[in-house]
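Trainee: Contents of work.pdb (PDB, C-alpha atoms):
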ATOM      1  CA  MET A 453     -13.873 -28.929  16.534
ATOM      2  CA  GLN A 454     -15.879 -25.781  17.027
ATOM      3  CA  LYS A 455     -13.973 -22.494  17.165
ATOM      4  CA  LYS A 456     -15.181 -19.323  18.881
ATOM      5  CA  TRP A 457     -13.751 -16.050  20.200
ATOM      6  CA  LEU A 458     -12.424 -15.470  23.722
ATOM      7  CA  LEU A 459     -12.920 -11.859  24.848
ATOM      8  CA  GLN A 460     -10.787 -10.137  27.483
ATOM      9  CA  ASN A 461     -11.573  -6.667  28.853
ATOM     10  CA  ASP A 462      -8.785  -5.237  31.010
ATOM     11  CA  GLY A 463     -10.444  -1.845  31.451
ATOM     12  CA  ALA A 464      -8.230  -0.113  28.892
ATOM     13  CA  ALA A 465      -9.005  -2.196  25.829
ATOM     14  CA  GLN A 466     -10.901  -5.238  24.634
ATOM     15  CA  ARG A 467      -8.771  -8.070  23.261
ATOM     16  CA  ILE A 468      -9.794 -11.358  21.741
ATOM     17  CA  LYS A 469      -8.244 -14.624  20.645
ATOM     18  CA  GLU A 470      -9.605 -17.667  18.891
ATOM     19  CA  ILE A 471     -10.544 -20.551  21.201
ATOM     20  CA  THR A 472     -11.221 -24.140  20.208
ATOM     21  CA  ILE A 473     -14.023 -25.812  22.155
ATOM     22  CA  LEU A 474     -13.217 -29.415  23.087
ATOM     23  CA  LYS A 475     -16.137 -31.790  22.656
ATOM     24  CA  ASP A 476     -15.495 -34.104  25.593
ATOM     25  CA  ALA A 477     -13.377 -34.731  28.677
ATOM     26  CA  GLN A 478     -11.211 -37.305  26.884
ATOM     27  CA  GLN A 479      -9.869 -34.657  24.498
ATOM     28  CA  LEU A 480      -9.052 -32.426  27.445
ATOM     29  CA  LYS A 481      -7.276 -35.292  29.205
ATOM     30  CA  MET A 482      -5.075 -35.873  26.132
ATOM     31  CA  ILE A 483      -3.890 -32.270  26.250
ATOM     32  CA  LEU A 484      -3.341 -31.785  29.978
ATOM     33  CA  GLY A 485      -0.402 -34.179  30.562
ATOM     34  CA  LYS A 486       2.770 -32.273  31.523
ATOM     35  CA  LEU A 487       4.824 -33.220  28.452
ATOM     36  CA  SER A 488       1.826 -32.867  26.119
ATOM     37  CA  TRP A 489       1.209 -29.403  27.520
ATOM     38  CA  ASN A 490       4.853 -28.368  27.062
ATOM     39  CA  ILE A 491       4.798 -29.577  23.444
ATOM     40  CA  LEU A 492       1.524 -27.770  22.758
ATOM     41  CA  ALA A 493       2.926 -24.557  24.268
ATOM     42  CA  MET A 494       5.992 -24.779  22.016
ATOM     43  CA  LEU A 495       3.835 -25.384  18.937
ATOM     44  CA  SER A 496       1.692 -22.368  19.781
ATOM     45  CA  GLU A 497       4.789 -20.192  19.230
ATOM     46  CA  LYS A 498       6.070 -21.709  15.987
ATOM     47  CA  GLU A 499       5.785 -24.797  13.782
ATOM     48  CA  MET A 500       8.275 -27.575  14.623
ATOM     49  CA  TYR A 501       8.975 -31.243  13.828
ATOM     50  CA  PRO A 502       9.233 -33.974  16.501
ATOM     51  CA  LEU A 503      13.034 -34.411  16.507
ATOM     52  CA  GLU A 504      13.467 -30.645  16.926
ATOM     53  CA  ILE A 505      11.022 -30.701  19.847
ATOM     54  CA  ALA A 506      12.818 -33.679  21.456
ATOM     55  CA  LYS A 507      16.171 -31.887  21.315
ATOM     56  CA  GLN A 508      14.780 -28.720  22.903
ATOM     57  CA  LEU A 509      12.992 -30.628  25.673
ATOM     58  CA  ASN A 510      15.911 -33.058  26.120
ATOM     59  CA  VAL A 511      13.660 -36.125  25.951
ATOM     60  CA  HIS A 512      13.672 -39.222  23.750
ATOM     61  CA  GLU A 513      12.223 -38.719  20.260
ATOM     62  CA  GLN A 514       9.840 -41.690  20.604
ATOM     63  CA  LYS A 515       8.304 -40.138  23.697
ATOM     64  CA  VAL A 516       7.661 -36.931  21.729
ATOM     65  CA  TYR A 517       6.081 -38.949  18.883
ATOM     66  CA  TYR A 518       3.721 -40.586  21.390
ATOM     67  CA  HIS A 519       2.495 -37.233  22.686
ATOM     68  CA  ILE A 520       2.344 -35.759  19.191
ATOM     69  CA  ARG A 521      -0.037 -38.561  18.167
ATOM     70  CA  LYS A 522      -2.217 -37.886  21.230
ATOM     71  CA  LEU A 523      -2.370 -34.149  20.534
ATOM     72  CA  ALA A 524      -3.167 -34.737  16.852
ATOM     73  CA  LYS A 525      -5.917 -37.212  17.764
ATOM     74  CA  ALA A 526      -7.402 -34.649  20.155
ATOM     75  CA  GLY A 527      -7.364 -32.058  17.341
ATOM     76  CA  ALA A 528      -5.028 -29.779  19.299
ATOM     77  CA  ILE A 529      -2.250 -29.715  16.670
ATOM     78  CA  GLU A 530      -2.121 -30.045  12.900
ATOM     79  CA  VAL A 531       0.467 -30.727  10.202
ATOM     80  CA  THR A 532       1.542 -27.584   8.347
ATOM     81  CA  LYS A 533       4.144 -28.969   5.943
ATOM     82  CA  GLU A 534       6.471 -31.875   5.206
ATOM     83  CA  GLU A 535      10.192 -31.742   4.390
ATOM     84  CA  LYS A 536      12.829 -34.304   3.457
ATOM     85  CA  LYS A 537      15.547 -34.508   6.132
ATOM     86  CA  LYS A 538      18.394 -37.068   5.880
ATOM     87  CA  GLY A 539      16.343 -39.385   3.712
ATOM     88  CA  ALA A 540      13.242 -39.270   5.909
ATOM     89  CA  THR A 541      10.117 -37.132   5.821
ATOM     90  CA  ALA A 542       9.795 -34.658   8.698
ATOM     91  CA  LYS A 543       6.295 -33.444   9.488
ATOM     92  CA  TYR A 544       5.998 -29.947  10.917
ATOM     93  CA  TYR A 545       3.216 -29.331  13.438
ATOM     94  CA  LYS A 546       1.633 -26.266  14.953
ATOM     95  CA  ALA A 547      -1.118 -25.634  17.510
ATOM     96  CA  ALA A 548      -4.570 -25.696  15.920
ATOM     97  CA  SER A 549      -5.688 -22.779  18.084
ATOM     98  CA  SER A 550      -4.292 -20.215  20.526
ATOM     99  CA  ALA A 551      -6.657 -21.388  23.295
ATOM    100  CA  PHE A 552      -8.584 -24.531  24.242
ATOM    101  CA  GLY A 553     -11.502 -24.998  26.594
ATOM    102  CA  ILE A 554     -14.815 -26.614  27.409
ATOM    103  CA  GLU A 555     -18.154 -24.825  27.249
ATOM    104  CA  LEU A 556     -21.301 -25.243  29.300
ATOM    105  CA  PRO A 557     -24.553 -24.499  27.432
ATOM    106  CA  LYS A 558     -25.771 -21.430  29.370
ATOM    107  CA  GLY A 559     -24.458 -17.979  30.168
ATOM    108  CA  TYR A 560     -24.239 -15.886  26.992
ATOM    109  CA  MET A 561     -24.698 -12.103  27.247
ATOM    110  CA  THR A 562     -25.327  -9.662  24.397
ATOM    111  CA  ILE A 563     -22.616  -7.066  23.700
ATOM    112  CA  GLN A 564     -22.986  -3.918  21.628
ATOM    113  CA  ASN A 565     -19.870  -3.874  19.474
ATOM    114  CA  LEU A 566     -17.571  -6.252  17.658
ATOM    115  CA  SER A 567     -13.848  -5.746  17.515
ATOM    116  CA  LEU A 568     -12.329  -5.571  14.059
ATOM    117  CA  GLN A 569     -10.448  -8.731  15.039
ATOM    118  CA  THR A 570     -13.654 -10.774  15.176
ATOM    119  CA  LEU A 571     -14.341 -10.279  11.504
ATOM    120  CA  ASP A 572     -13.044 -12.204   8.550
ATOM    121  CA  ALA A 573      -9.442 -11.629   7.432
ATOM    122  CA  GLN A 574     -10.531  -9.855   4.243
ATOM    123  CA  ILE A 575     -12.542  -7.221   6.108
ATOM    124  CA  LYS A 576      -9.712  -6.701   8.614
ATOM    125  CA  GLU A 577      -7.264  -6.198   5.751
ATOM    126  CA  PHE A 578      -9.590  -3.937   3.752
ATOM    127  CA  PHE A 579     -10.289  -1.526   6.621
ATOM    128  CA  LYS A 580      -7.055  -1.853   8.638
ATOM    129  CA  GLU A 581      -5.891   1.733   7.965
ATOM    130  CA  TYR A 582      -9.308   3.097   8.972
ATOM    131  CA  VAL A 583      -9.239   1.887  12.597
ATOM    132  CA  ASP A 584      -6.607   3.392  14.906
ATOM    133  CA  SER A 585      -4.833   1.681  17.804
ATOM    134  CA  GLU A 586      -7.685   2.642  20.153
ATOM    135  CA  GLY A 587     -10.312   1.118  17.852
ATOM    136  CA  VAL A 588     -11.600   4.525  16.692
ATOM    137  CA  PHE A 589     -12.578   5.150  13.066
ATOM    138  CA  ASP A 590      -9.798   7.124  11.370
ATOM    139  CA  GLY A 591     -11.044   8.743   8.183
ATOM    140  CA  LYS A 592     -13.779  10.692   6.423
ATOM    141  CA  ILE A 593     -16.762   9.450   4.430
ATOM    142  CA  VAL A 594     -17.235  11.817   1.492
ATOM    143  CA  VAL A 595     -20.548  12.117  -0.373
ATOM    144  CA  GLY A 596     -21.609  14.336  -3.254
ATOM    145  CA  CYS A 597     -23.241  17.705  -2.631
ATOM    146  CA  PRO A 598     -27.060  17.550  -3.117
ATOM    147  CA  THR A 599     -27.095  20.873  -5.020
ATOM    148  CA  PRO A 600     -25.850  21.325  -8.635
ATOM    149  CA  HIS A 601     -22.049  21.471  -8.626
ATOM    150  CA  GLY A 602     -18.943  20.500 -10.581
ATOM    151  CA  PRO A 603     -18.428  20.341 -14.352
ATOM    152  CA  PHE A 604     -21.446  18.048 -14.721
ATOM    153  CA  LYS A 605     -23.648  20.454 -12.719
ATOM    154  CA  THR A 606     -25.243  17.450 -11.046
ATOM    155  CA  SER A 607     -27.130  17.069  -7.792
ATOM    156  CA  ALA A 608     -26.032  13.977  -5.858
ATOM    157  CA  ARG A 609     -28.790  11.453  -5.114
ATOM    158  CA  ASP A 610     -26.621   8.716  -3.601
ATOM    159  CA  GLY A 611     -25.265  10.360  -0.446
ATOM    160  CA  HIS A 612     -27.781   8.603   1.803
ATOM    161  CA  TYR A 613     -26.165   5.255   0.941
ATOM    162  CA  ALA A 614     -23.353   6.321   3.284
ATOM    163  CA  ALA A 615     -25.715   5.705   6.217
ATOM    164  CA  HIS A 616     -25.875   1.982   5.405
ATOM    165  CA  LEU A 617     -22.083   1.897   5.099
ATOM    166  CA  ALA A 618     -21.634   3.720   8.420
ATOM    167  CA  PHE A 619     -23.849   1.184  10.217
ATOM    168  CA  PHE A 620     -21.590  -1.581   8.889
ATOM    169  CA  ILE A 621     -18.370   0.163   9.951
ATOM    170  CA  GLY A 622     -19.889   0.844  13.365
ATOM    171  CA  GLN A 623     -19.740  -2.886  14.096
ATOM    172  CA  PHE A 624     -15.968  -2.769  14.495
ATOM    173  CA  ALA A 625     -14.938   0.892  14.887
ATOM    174  CA  LYS A 626     -15.776   3.372  17.628
ATOM    175  CA  MET A 627     -17.209   6.777  16.742
ATOM    176  CA  PRO A 628     -14.574   9.559  16.664
ATOM    177  CA  GLU A 629     -15.110  12.996  18.198
ATOM    178  CA  ASP A 630     -15.089  14.769  14.827
ATOM    179  CA  PHE A 631     -18.021  14.506  12.405
ATOM    180  CA  ILE A 632     -16.902  11.975   9.808
ATOM    181  CA  VAL A 633     -19.343  12.554   6.902
ATOM    182  CA  LYS A 634     -18.352  15.379   4.574
ATOM    183  CA  LEU A 635     -19.652  16.824   1.324
ATOM    184  CA  ASP A 636     -17.201  16.694  -1.561
ATOM    185  CA  VAL A 637     -17.208  20.506  -1.850
ATOM    186  CA  ASP A 638     -16.397  20.863   1.865
ATOM    187  CA  VAL A 639     -13.464  18.475   1.721
ATOM    188  CA  LYS A 640     -11.859  20.604  -0.956
ATOM    189  CA  ALA A 641     -12.626  23.834   0.860
ATOM    190  CA  GLU A 642     -11.329  22.556   4.220
ATOM    191  CA  LYS A 643      -8.271  20.852   2.653
ATOM    192  CA  GLU A 644      -9.027  17.462   4.207
ATOM    193  CA  GLU A 645      -7.864  15.378   1.267
ATOM    194  CA  LYS A 646      -4.904  14.063   3.303
ATOM    195  CA  ASN A 647      -7.091  11.850   5.492
ATOM    196  CA  ASN A 648      -8.103   8.268   4.921
ATOM    197  CA  LEU A 649     -11.153   8.749   2.699
ATOM    198  CA  ILE A 650     -14.157   6.680   1.703
ATOM    199  CA  LEU A 651     -15.752   8.165  -1.405
ATOM    200  CA  VAL A 652     -19.404   7.375  -2.062
ATOM    201  CA  GLY A 653     -20.624   8.254  -5.552
ATOM    202  CA  GLY A 654     -19.247   8.385  -9.076
ATOM    203  CA  PRO A 655     -17.420  11.282 -10.774
ATOM    204  CA  GLY A 656     -20.669  12.805 -11.927
ATOM    205  CA  THR A 657     -21.751  13.503  -8.344
ATOM    206  CA  ASN A 658     -18.572  13.372  -6.243
ATOM    207  CA  LEU A 659     -15.739  15.748  -7.094
ATOM    208  CA  LEU A 660     -13.188  13.690  -5.154
ATOM    209  CA  THR A 661     -14.005  10.566  -7.197
ATOM    210  CA  GLN A 662     -13.567  12.708 -10.292
ATOM    211  CA  GLU A 663     -10.129  13.874  -9.140
ATOM    212  CA  ILE A 664      -8.724  10.437  -8.325
ATOM    213  CA  ASN A 665     -10.191   8.781 -11.439
ATOM    214  CA  GLY A 666      -6.802   8.856 -13.161
ATOM    215  CA  TYR A 667      -5.260   6.769 -10.364
ATOM    216  CA  LEU A 668      -7.821   3.963 -10.613
ATOM    217  CA  PRO A 669      -7.105   0.636 -12.366
ATOM    218  CA  VAL A 670     -10.732   0.662 -13.521
ATOM    219  CA  LYS A 671     -11.560   4.159 -14.706
ATOM    220  CA  PHE A 672     -14.710   6.092 -15.396
ATOM    221  CA  ILE A 673     -14.801   7.233 -19.022
ATOM    222  CA  MET A 674     -15.057  11.035 -19.022
ATOM    223  CA  GLN A 675     -15.269  12.717 -22.423
ATOM    224  CA  SER A 676     -15.173  16.420 -23.179
ATOM    225  CA  SER A 677     -18.019  17.818 -25.233
ATOM    226  CA  THR A 678     -19.504  21.159 -26.222
ATOM    227  CA  HIS A 679     -21.742  20.821 -23.163
ATOM    228  CA  GLY A 680     -18.895  20.113 -20.733
ATOM    229  CA  PHE A 681     -18.291  16.435 -19.965
ATOM    230  CA  LEU A 682     -20.023  13.173 -20.816
ATOM    231  CA  LEU A 683     -19.784   9.975 -18.800
ATOM    232  CA  GLY A 684     -19.382   6.780 -20.800
ATOM    233  CA  GLY A 685     -19.247   4.012 -18.195
ATOM    234  CA  LEU A 686     -16.312   2.128 -16.683
ATOM    235  CA  SER A 687     -13.240   0.920 -18.564
ATOM    236  CA  SER A 688     -10.985  -1.822 -17.159
ATOM    237  CA  GLU A 689      -7.239  -1.697 -17.839
ATOM    238  CA  LYS A 690      -6.884  -5.400 -16.915
ATOM    239  CA  THR A 691      -9.572  -6.880 -19.180
ATOM    240  CA  SER A 692     -10.190  -3.975 -21.627
ATOM    241  CA  ARG A 693     -13.914  -4.420 -20.968
ATOM    242  CA  VAL A 694     -16.272  -1.441 -20.885
ATOM    243  CA  TYR A 695     -19.267  -1.440 -18.530
ATOM    244  CA  THR A 696     -22.062   0.988 -19.361
ATOM    245  CA  ALA A 697     -25.053  -0.358 -17.405
ATOM    246  CA  ASP A 698     -26.518   2.014 -14.815
ATOM    247  CA  SER A 699     -26.384  -0.718 -12.149
ATOM    248  CA  VAL A 700     -22.629  -1.268 -12.531
ATOM    249  CA  GLY A 701     -20.130   0.275 -10.148
ATOM    250  CA  LEU A 702     -16.592   0.128  -8.864
ATOM    251  CA  ILE A 703     -15.193  -0.780  -5.456
ATOM    252  CA  ALA A 704     -11.523   0.143  -5.185
ATOM    253  CA  LYS A 705      -8.865   0.835  -2.585
ATOM    254  CA  ILE A 706      -5.787   2.847  -3.526
ATOM    255  CA  VAL A 707      -3.013   4.865  -1.924
ATOM    256  CA  ASN A 708      -4.144   8.445  -1.306
ATOM    257  CA  PRO A 709      -2.258  10.482  -3.945
ATOM    258  CA  TRP A 710      -2.270  13.531  -1.627
ATOM    259  CA  ALA A 711      -0.928  11.554   1.368
ATOM    260  CA  PRO A 712       0.964   8.308   0.557
ATOM    261  CA  ASN A 713       0.572   6.959   4.110
ATOM    262  CA  LYS A 714      -3.228   7.192   3.832
ATOM    263  CA  ARG A 715      -5.732   5.260   1.732
ATOM    264  CA  ILE A 716      -8.845   5.972  -0.355
ATOM    265  CA  ILE A 717     -11.752   3.556  -0.732
ATOM    266  CA  ILE A 718     -14.149   4.226  -3.609
ATOM    267  CA  LEU A 719     -17.748   3.004  -3.859
ATOM    268  CA  ALA A 720     -18.970   4.521  -7.092
ATOM    269  CA  GLY A 721     -21.475   3.595  -9.775
ATOM    270  CA  ASN A 722     -22.238   4.709 -13.299
ATOM    271  CA  LYS A 723     -25.489   5.966 -11.792
ATOM    272  CA  ALA A 724     -26.916   6.084  -8.259
ATOM    273  CA  VAL A 725     -28.185   2.497  -8.535
ATOM    274  CA  GLY A 726     -24.632   1.359  -9.313
ATOM    275  CA  THR A 727     -23.334   3.121  -6.202
ATOM    276  CA  LYS A 728     -26.032   1.379  -4.146
ATOM    277  CA  ALA A 729     -24.912  -1.966  -5.584
ATOM    278  CA  CYS A 730     -21.337  -1.220  -4.454
ATOM    279  CA  VAL A 731     -22.436  -0.335  -0.918
ATOM    280  CA  LEU A 732     -24.479  -3.549  -0.728
ATOM    281  CA  ALA A 733     -21.542  -5.542  -2.103
ATOM    282  CA  LEU A 734     -19.219  -4.327   0.649
ATOM    283  CA  THR A 735     -21.702  -4.475   3.544
ATOM    284  CA  ASN A 736     -23.972  -7.443   2.722
ATOM    285  CA  PHE A 737     -21.855  -9.542   0.352
ATOM    286  CA  TRP A 738     -18.296  -8.728   1.394
ATOM    287  CA  ARG A 739     -17.052 -12.340   1.369
ATOM    288  CA  LYS A 740     -17.818 -12.568  -2.328
ATOM    289  CA  THR A 741     -16.674  -9.012  -3.055
ATOM    290  CA  LEU A 742     -13.281  -9.209  -1.310
ATOM    291  CA  LYS A 743     -12.484 -12.775  -2.326
ATOM    292  CA  TYR A 744      -9.422 -11.712  -4.325
ATOM    293  CA  LEU A 745      -8.256  -8.897  -2.062
ATOM    294  CA  GLY A 746      -4.475  -8.514  -2.274
ATOM    295  CA  GLU A 747      -1.866  -6.380  -0.549
ATOM    296  CA  ASN A 748      -1.614  -3.781  -3.309
ATOM    297  CA  THR A 749      -4.224  -1.724  -5.140
ATOM    298  CA  PHE A 750      -7.618  -3.428  -5.137
ATOM    299  CA  ALA A 751     -10.402  -2.886  -7.657
ATOM    300  CA  THR A 752     -13.479  -4.916  -8.525
ATOM    301  CA  VAL A 753     -16.430  -4.227 -10.798
ATOM    302  CA  ILE A 754     -19.864  -4.856  -9.295
ATOM    303  CA  GLN A 755     -23.263  -5.191 -10.960
ATOM    304  CA  GLY A 756     -26.457  -4.934  -8.960
ATOM    305  CA  PHE A 757     -29.555  -7.063  -9.573
ATOM    306  CA  ASP A 758     -33.181  -6.952  -8.475
ATOM    307  CA  LEU A 759     -33.889 -10.594  -7.694
ATOM    308  CA  ASP A 760     -37.235 -10.199  -5.936
ATOM    309  CA  GLY A 761     -38.690  -7.931  -8.625
ATOM    310  CA  ASP A 762     -39.580  -4.984  -6.386
ATOM    311  CA  GLY A 763     -37.621  -2.479  -8.473
ATOM    312  CA  LYS A 764     -34.730  -2.200  -5.984
ATOM    313  CA  VAL A 765     -31.260  -3.703  -6.102
ATOM    314  CA  ASP A 766     -30.991  -6.531  -3.574
ATOM    315  CA  SER A 767     -28.145  -8.711  -4.893
ATOM    316  CA  ILE A 768     -24.830  -8.338  -6.660
ATOM    317  CA  GLU A 769     -22.412 -10.117  -8.947
ATOM    318  CA  VAL A 770     -18.669  -9.561  -9.149
ATOM    319  CA  MET A 771     -17.878  -8.898 -12.804
ATOM    320  CA  GLU A 772     -14.079  -8.840 -12.377
TER     321      GLU A 772
END
In structure tokens, what does this structure look like?

Mentor:
Amino acid sequence: MQKKWLLQNDGAAQRIKEITILKDAQQLKMILGKLSWNILAMLSEKEMYPLEIAKQLNVHEQKVYYHIRKLAKAGAIEVTKEEKKKGATAKYYKAASSAFGIELPKGYMTIQNLSLQTLDAQIKEFFKEYVDSEGVFDGKIVVGCPTPHGPFKTSARDGHYAAHLAFFIGQFAKMPEDFIVKLDVDVKAEKEEKNNLILVGGPGTNLLTQEINGYLPVKFIMQSSTHGFLLGGLSSEKTSRVYTADSVGLIAKIVNPWAPNKRIIILAGNKAVGTKACVLALTNFWRKTLKYLGENTFATVIQGFDLDGDGKVDSIEVME
């Protein structure tokens, strides 16, 4: 059955839930019987097996089985697990959706924004600390200063990639009152390190990326020399691989070392083209990029590719 999103606007906030669209009137009829509806309501709260349902509703078990079969045939419930109970196999069921309905073909209207809840689970998990309870973006996007600065005396040429990232975030987060894009030198001067941060640019161009490099599971190789520092690519603690290509970069999410209740997301390449590949990976190819997102520290190495041969990165591969 087709699943969509049901939007409710109560004036204070927009809320959504998943709704399953029934294909025909017969499916709806199977659900709407009084006992079927009571069983479906119970299974929308938690998974249960038929005998447990029969005891709670004080009806015969065979009657519950009959309605369970109808609901399963209609696609309204599904089996979640099976357990052995007193020599028999008990099937646990739950509601297949939190709402059911029918849809007529006309009547759609265009809306401007998406709630974070409408997006895939990986995106919701990745950005959950960056959207407050009112749906407002909670953090700072930090880019490198465009004038020579830091021990590498470099001028950042990747700060404009933050615009593409901001457009993506704007799909699910409202704009805050404060200006959210900061230069790395300003963050240090204004002591704003204790926010949720999104760092765009490698350690050669972004001083904040340079400072948190030691906390990353995939680190940028920074070597002292008579001329200051030299960058030698990315080194992975997990695989011991070293990535030196200009088009390689790192996407990571870690606890903010200056504020343990905040987070830092890093989009940083060996060179500017590697940073661009990371931004594209998170905004255009996030399903592939966040495939192995876990609850703890996340880090993945990205390589950008120019598939159409126009000299610009337009695709990515996840290296690890």

Trainee: Considering only C-alpha atoms, return as number ranges by chain whatever protein or nucleic-acid residues lie within 10 Å of Gly756 (chain A), sequence-local ones (same chain, fewer than 4 positions apart) excluded.

Mentor: A: 697-701, 721, 725-730, 732-733, 764-770

Trainee: Taking the file as shown, what set of residues would the PyMOL selection byres ((chain A and resi 648-663) around 7) give back, as a PyMOL selection string?

Mentor: chain A and resi 582+590-596+602+604+606-608+610-611+614+636+646-647+664-665+714-722+727

Trainee: Hey, which of A:Leu686, A:Lys634, A:Ile706, A:Lys743 ends up closest to Gln755 (chain A)? Count only C-alpha atoms.

Mentor: A:Leu686

Trainee: When you draw a straight line from CA of Arg739 (chain A) to CA of Leu668 (chain A), how long is it in Å?

Mentor: 22.2 Å

Trainee: Can you tell me how far CA of Val583 (chain A) sits from CA of Ala625 (chain A), in Å to one decimal?

Mentor: 6.2 Å

Trainee: Grab the CA of His519 (chain A) to CA of Leu458 (chain A) distance for me, in Å with one decimal place.

Mentor: 26.4 Å

Trainee: Around region 487-493 of chain A, with edges along x, y and z and 6 Å added on all six sides, what centre and edge lengths do you get, in Å to one decimal, as AutoDock Vina command-line options?

Mentor:
--center_x 3.0 --center_y -28.9 --center_z 25.6 --size_x 15.6 --size_y 20.7 --size_z 17.7

Trainee: Given the file above and the PyMOL selection byres ((chain A and resi 508-516) around 12), which residues are selected, and can you give them as a ChimeraX atom specification?

Mentor: /A:486-494,500-507,517-523

Trainee: Could you tell me which residues the PyMOL selection byres ((chain A and resi 482) around 9) grabs in this file, written as number ranges by chain?

Mentor: A: 477-481, 483-485, 488, 519, 522-523, 525-526

Trainee: Of the residues A:Leu742, A:Val707, A:Ala547, A:Val753, which is the one nearest to Lys690 (chain A), using all atoms listed in the file?

Mentor: A:Val753

Trainee: My list of candidates is A:Glu530, A:Lys723, A:Val639, A:Asn713. Which is closest to Gly685 (chain A) when distances are computed with all atoms listed in the file?

Mentor: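 Going through A:Glu530, A:Lys723, A:Val639, A:Asn713 one by one, the smallest distance to Gly685 (chain A) is for A:Lys723.
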
Trainee: Under the rule that only C-alpha atoms are counted, which of A:Ala528, A:Ile703, A:Leu635, A:Ala551 is the nearest residue to Trp457 (chain A)?

Mentor: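 Using only C-alpha atoms, the shortest distance to Trp457 (chain A) belongs to A:Ala551.
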
Trainee: Got a sec to check which residues sit within 10 Å of (-11.8, -2.5, -17.6), counting all atoms listed in the file, and write them as an MDAnalysis selection string?

Mentor: chainID A and resid 669:672 685:695 752:753 772

Trainee: Scan for residues within 9 Å of the point (-6.5, -24.5, 13.5) in the coordinates of the file, using all atoms listed in the file, and reply as number ranges by chain.

Mentor: A: 455, 472, 527-530, 546-550

Trainee: What's the 7 Å shell around Gln574 (chain A), counting only C-alpha atoms, without same-chain residues fewer than 2 positions away, as a list in words?

Mentor: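 That gives Asp572, Lys576, Glu577, Phe578, Leu742 and Leu745 of chain A.
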
Trainee: For Val637 (chain A), which of A:Gly666, A:Gly622, A:Pro712, A:Pro600 is the closest residue, counting only C-alpha atoms?

Mentor: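 When distances to Val637 (chain A) are compared using only C-alpha atoms, the smallest one comes from A:Pro600.
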
Trainee: Find the residues near Phe552 (chain A): any atom within 7 Å, counting all atoms listed in the file, skip ones fewer than 3 places away on the same chain, and give them as a PDB file with C-alpha atoms, in the coordinates of the input.

Mentor:
ATOM      1  CA  ILE A 471     -10.544 -20.551  21.201  1.00  0.00           C
ATOM      2  CA  THR A 472     -11.221 -24.140  20.208  1.00  0.00           C
ATOM      3  CA  ILE A 473     -14.023 -25.812  22.155  1.00  0.00           C
ATOM      4  CA  LEU A 474     -13.217 -29.415  23.087  1.00  0.00           C
TER       5      LEU A 474
END

Trainee: Would you fill out region 521-532 of chain A with N, CA and C atoms and return it as a compact mmCIF listing (two decimals), keeping the file's coordinate frame?

Mentor:
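Result written to out-v8.txt:
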# COMPACT_ATOMS: atom_id res chain seq x y z
N ARG A 521 1.12 -37.80 18.66
CA ARG A 521 -0.04 -38.56 18.17
C ARG A 521 -1.27 -38.29 19.02
N LYS A 522 -1.09 -38.20 20.34
CA LYS A 522 -2.22 -37.89 21.23
C LYS A 522 -2.79 -36.50 20.94
N LEU A 523 -1.92 -35.52 20.79
CA LEU A 523 -2.37 -34.15 20.53
C LEU A 523 -3.07 -34.04 19.18
N ALA A 524 -2.54 -34.75 18.18
CA ALA A 524 -3.17 -34.74 16.85
C ALA A 524 -4.54 -35.41 16.90
N LYS A 525 -4.63 -36.52 17.64
CA LYS A 525 -5.92 -37.21 17.76
C LYS A 525 -6.95 -36.34 18.47
N ALA A 526 -6.50 -35.55 19.43
CA ALA A 526 -7.40 -34.65 20.16
C ALA A 526 -7.78 -33.43 19.32
N GLY A 527 -7.09 -33.22 18.19
CA GLY A 527 -7.36 -32.06 17.34
C GLY A 527 -6.68 -30.80 17.82
N ALA A 528 -5.69 -30.95 18.73
CA ALA A 528 -5.03 -29.78 19.30
C ALA A 528 -3.89 -29.27 18.43
N ILE A 529 -3.32 -30.13 17.58
CA ILE A 529 -2.25 -29.72 16.67
C ILE A 529 -2.57 -30.23 15.28
N GLU A 530 -1.89 -29.64 14.29
CA GLU A 530 -2.12 -30.04 12.90
C GLU A 530 -0.82 -29.95 12.12
N VAL A 531 -0.72 -30.74 11.07
CA VAL A 531 0.47 -30.73 10.20
C VAL A 531 0.40 -29.52 9.29
N THR A 532 1.50 -28.76 9.22
CA THR A 532 1.54 -27.58 8.35
C THR A 532 2.33 -27.82 7.07
